[in-house]
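**Student:** Encoded as structure tokens, here's the structure I'll be asking about.
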Amino acid sequence: MEPSSGSRGAAPAAAAVAAVLPAGGSGERLGGATPKQFCAVQGRPLVSYTVRAMERISWISDIIVVVSPENIETMKSIIEKYGHKRVTIVKGGVTRHRSIFNGLKVFAENEFSNQLLQKPEVVIIHDAVRPFVEEDILLKVVMAAKDHGAAGAIRPLVSTVIASAADGCLDHSLERARYRASEMPQAFLFNIIYEAYQQVTYKRDLYAAESIIKGFFLITDSLSQQVCVITSVKEDVAQVSFLLHESLKSQIKVEAVSMPLSKNDGHLQDIFSGQCYSFVYINDKKYAIEETQQLVDMLEKSNIPLLYPVVLISVHLDVSENTSCSIGMEELTRIKKFAREVKKKNILLYGLLIQYEDCLLLQETVNSAAALILALIMDRNPELIGQLLVA
């Protein structure tokens with residue numbers, strides 16, 4: 001369960017970067033006696049995994065861990081036991097935002113340290129209980145923060161979000177396509193976030209901080225910004241695959257791999273070790289469940305689904321003259337059952353059937369398929385897993 005070393009990213013050019021890890025929670029939601037940041041996972045406290053994920057990144061100069069006063073000695077023993085470097089422990093406040101402010105103060109005030117640390121240009125704020133953070137994501141939010149003042153990772157909404165009326169009944173539901181869920185990590189130009197926290201004294205003052213940051217904040221949609229298209233088809237349907245690839249490429253970043261899944265392709269392995277969470281498998285077999293299972297196994301071994309849900313769309317190209325859907329209930333049931341099993345591995349599996357016989361309508365059909373694929377990637381709706389859509 002070691003966090004990835006994330007050695008692929010390049011250091012932010014001429015930017016001093018530090019990380020603040022709030023770790024002062026009481027674990028109330030977890031319901032146990034031990035705060036979750038100190039719970040052991042395979043014999044090691046969770047917070048230690050997160051610290052290690054940060055200290056493996058050479059361009060992060062300082063790691064500030066903010067803990068409650070009663071857990072300072074516990075944190076010191078963890079640092080000593082696991083040999084963590086570049087770590088400074090800071091006493092937390094009575095609220096989360098006060099704790100983060102305390103973490104920022106070590107770069108500007110002597111209140112919590114006898115010697116000031118070098119003030120960074122950019123500061124990363126990340127939860128101490130989230131160890132699965134990749135260097136690529138951190139690099140993207142840091143670079144975006146340099147350009148825009150603030151940045152953060154987001155993901156598409158999966159659950160339905162509703163607004164209730166004054167009587168507690170349903171008023172309306174939000175259009176999920178317009179909204180995103182904000183996630184850690186976040187990064188800020190130090191002067192901007194420090195100024196914001198200086199103005200925050202009480203809960204109502206959070207609006208003041210928000211107004212300072214709002215003009216700068218850029219969100220990074222790390223889940224739906226690119227798709228890996230894997231093609232395994234015969235020559236007679238290769239044109240359809242090519243057109244689909246081109247249609248997708250005009251709307252989203254595409255990584256393309258053309259190969260039978262039985263081969264150990266280095267390019268595909270590189271993609272698996274990167275930051276792609278959406279995959280399209282184009283094939284010309286009737287169901288391709290066995291081949292899809294191979295891809296599921298490869299994704300599971302890559303540990304990609306551990307962090308966020310992965311979208312996998314199996315696209316079947318049907319060149320038969322019979323345009324009616326020939327898949328019976330037994331086959332559909334099998335596909336749905338397979339998708340439910342795969343969902344347990346945090347992989348959302350969808351099916352897409354492209355049927356065509358009229359070459360004049362081929363481009364229109366391909367464009368329709370591309371639109372369906374993009375909608376599935378953006379929406380990431382678990383309720384649609386196992387469904388077979390037809391373009």
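Residue numbers start at 1 in each chain; chains themselves are named A, B, ... in the order of the structure tokens; ligands are numbered from 1 in the order shown.
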Env of segment 116-133 of chain A: 8 Å cut, atoms = only C-alpha atoms, seq-sep filter 2 positions within chain, self excluded. Answer as a count of residues only.

**Tutor:** 43

**Student:** Would you kindly return, as a list in words, each protein, DNA or RNA residue with an atom no farther than 12 Å from any atom of Lys344 of chain A, considering only C-alpha atoms and excluding same-chain residues fewer than 6 positions away?

**Tutor:**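 Counting only C-alpha atoms, the residues come to Val296, Glu300, Pro305, Leu306, Pro309, Val310, Lys337, Phe338, Pro382 and Ile385 of chain A.
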
**Student:** Within 12 Å of Ser368 of chain A, counting only C-alpha atoms, which residues qualify if same-chain residues fewer than 2 places away don't, as a CSV table (one decimal) with N, CA and C atoms, in the first residue's frame?

**Tutor:**
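Printed below is around-v4.csv as written:
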```
chain,number,residue,atom,x,y,z
A,243,LEU,N,-11.8,6.8,-37.6
A,243,LEU,CA,-12.7,8.0,-37.5
A,243,LEU,C,-13.2,8.3,-36.1
A,244,LEU,N,-13.4,7.2,-35.3
A,244,LEU,CA,-13.8,7.4,-33.9
A,244,LEU,C,-12.7,8.1,-33.1
A,247,SER,N,-12.6,11.7,-34.1
A,247,SER,CA,-13.7,12.5,-33.6
A,247,SER,C,-13.5,12.8,-32.1
A,248,LEU,N,-12.9,11.8,-31.4
A,248,LEU,CA,-12.6,12.0,-29.9
A,248,LEU,C,-11.5,13.0,-29.8
A,352,LEU,N,-20.8,-0.1,-25.6
A,352,LEU,CA,-21.3,0.8,-26.7
A,352,LEU,C,-21.2,0.0,-28.0
A,353,LEU,N,-22.3,-0.1,-28.7
A,353,LEU,CA,-22.4,-0.9,-30.0
A,353,LEU,C,-22.5,0.1,-31.1
A,354,ILE,N,-21.6,0.0,-32.1
A,354,ILE,CA,-21.6,0.9,-33.3
A,354,ILE,C,-22.0,0.0,-34.4
A,355,GLN,N,-23.2,0.2,-34.9
A,355,GLN,CA,-23.8,-0.6,-36.0
A,355,GLN,C,-23.9,0.3,-37.3
A,356,TYR,N,-23.4,-0.1,-38.4
A,356,TYR,CA,-23.6,0.7,-39.6
A,356,TYR,C,-23.5,-0.2,-40.8
A,361,LEU,N,-23.5,7.4,-44.0
A,361,LEU,CA,-23.9,7.8,-42.7
A,361,LEU,C,-22.8,7.5,-41.6
A,362,LEU,N,-21.7,7.0,-42.1
A,362,LEU,CA,-20.7,6.5,-41.2
A,362,LEU,C,-20.2,7.6,-40.3
A,363,GLN,N,-19.8,8.7,-40.8
A,363,GLN,CA,-19.3,9.8,-40.0
A,363,GLN,C,-20.3,10.3,-39.0
A,364,GLU,N,-21.5,10.3,-39.4
A,364,GLU,CA,-22.6,10.7,-38.4
A,364,GLU,C,-22.7,9.7,-37.3
A,365,THR,N,-22.6,8.5,-37.6
A,365,THR,CA,-22.7,7.4,-36.6
A,365,THR,C,-21.5,7.5,-35.6
A,366,VAL,N,-20.3,7.7,-36.2
A,366,VAL,CA,-19.1,7.8,-35.4
A,366,VAL,C,-19.2,9.0,-34.5
A,370,ALA,N,-18.9,9.1,-30.4
A,370,ALA,CA,-18.0,9.9,-29.7
A,370,ALA,C,-18.7,10.7,-28.6
A,371,ALA,N,-19.9,11.3,-29.0
A,371,ALA,CA,-20.6,12.1,-28.0
A,371,ALA,C,-21.1,11.2,-26.8
A,372,LEU,N,-21.5,10.0,-27.1
A,372,LEU,CA,-21.9,9.1,-26.0
A,372,LEU,C,-20.7,8.8,-25.1
A,373,ILE,N,-19.5,8.5,-25.7
A,373,ILE,CA,-18.3,8.2,-24.9
A,373,ILE,C,-17.9,9.4,-24.0
A,374,LEU,N,-18.0,10.6,-24.6
A,374,LEU,CA,-17.6,11.8,-23.8
A,374,LEU,C,-18.6,12.0,-22.7
A,375,ALA,N,-19.9,11.7,-22.9
A,375,ALA,CA,-20.9,11.9,-21.9
A,375,ALA,C,-20.7,10.9,-20.7
A,389,LEU,N,-25.2,0.7,-24.8
A,389,LEU,CA,-25.7,1.8,-25.6
A,389,LEU,C,-25.5,1.5,-27.1
A,390,VAL,N,-26.3,2.1,-28.0
A,390,VAL,CA,-26.2,1.9,-29.4
A,390,VAL,C,-26.1,3.2,-30.1
A,391,ALA,N,-25.0,3.3,-31.0
A,391,ALA,CA,-24.8,4.6,-31.7
A,391,ALA,C,-25.3,4.4,-33.1
```

**Student:** By how many Å are atom CA of Lys345 of chain A and atom CA of Leu388 of chain A apart?

**Tutor:**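 Atom CA of Leu388 of chain A lies 20.1 Å from atom CA of Lys345 of chain A.
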
**Student:** Pick out each residue of segment 93-179 of chain A that DSSP on the backbone tags as helix (DSSP H, G or I); I need them as a count of residues only.

**Tutor:** 27

**Student:** So what do you get for atom CA of Lys81 of chain A versus atom CA of Pro45 of chain A, distance-wise?

**Tutor:**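 Taking atom CA of Lys81 of chain A and atom CA of Pro45 of chain A, their separation equals 10.9 Å.
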
**Student:** Residues within 9 Å of segment 97-100 of chain A, please, as an MDAnalysis selection string. Count only C-alpha atoms; anything in the same chain fewer than 3 positions from it doesn't count.

**Tutor:** chainID A and resid 20:24 66:68 90:94 103:105 125 197 200:201

**Student:** With distances taken over only C-alpha atoms, which residue among A:Val227, A:Val87, A:Ala288, A:Met378 lies nearest Arg180 of chain A?

**Tutor:**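 Looking only at the distances to Arg180 of chain A, the closest residue turns out to be A:Met378.
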
**Student:** I'd like the interatomic distance between atom CA of Phe38 of chain A and atom CA of Asn71 of chain A, to a tenth of an Å.

**Tutor:**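 These atoms are spaced 9.3 Å apart.
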
**Student:** Which residue out of A:Ala339, A:Ile377, A:Ala150, A:Ala196 has the minimum interatomic distance to Gln225 of chain A when only C-alpha atoms are used?

**Tutor:**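 Once distances to Gln225 of chain A are computed over only C-alpha atoms, the minimum belongs to A:Ile377.
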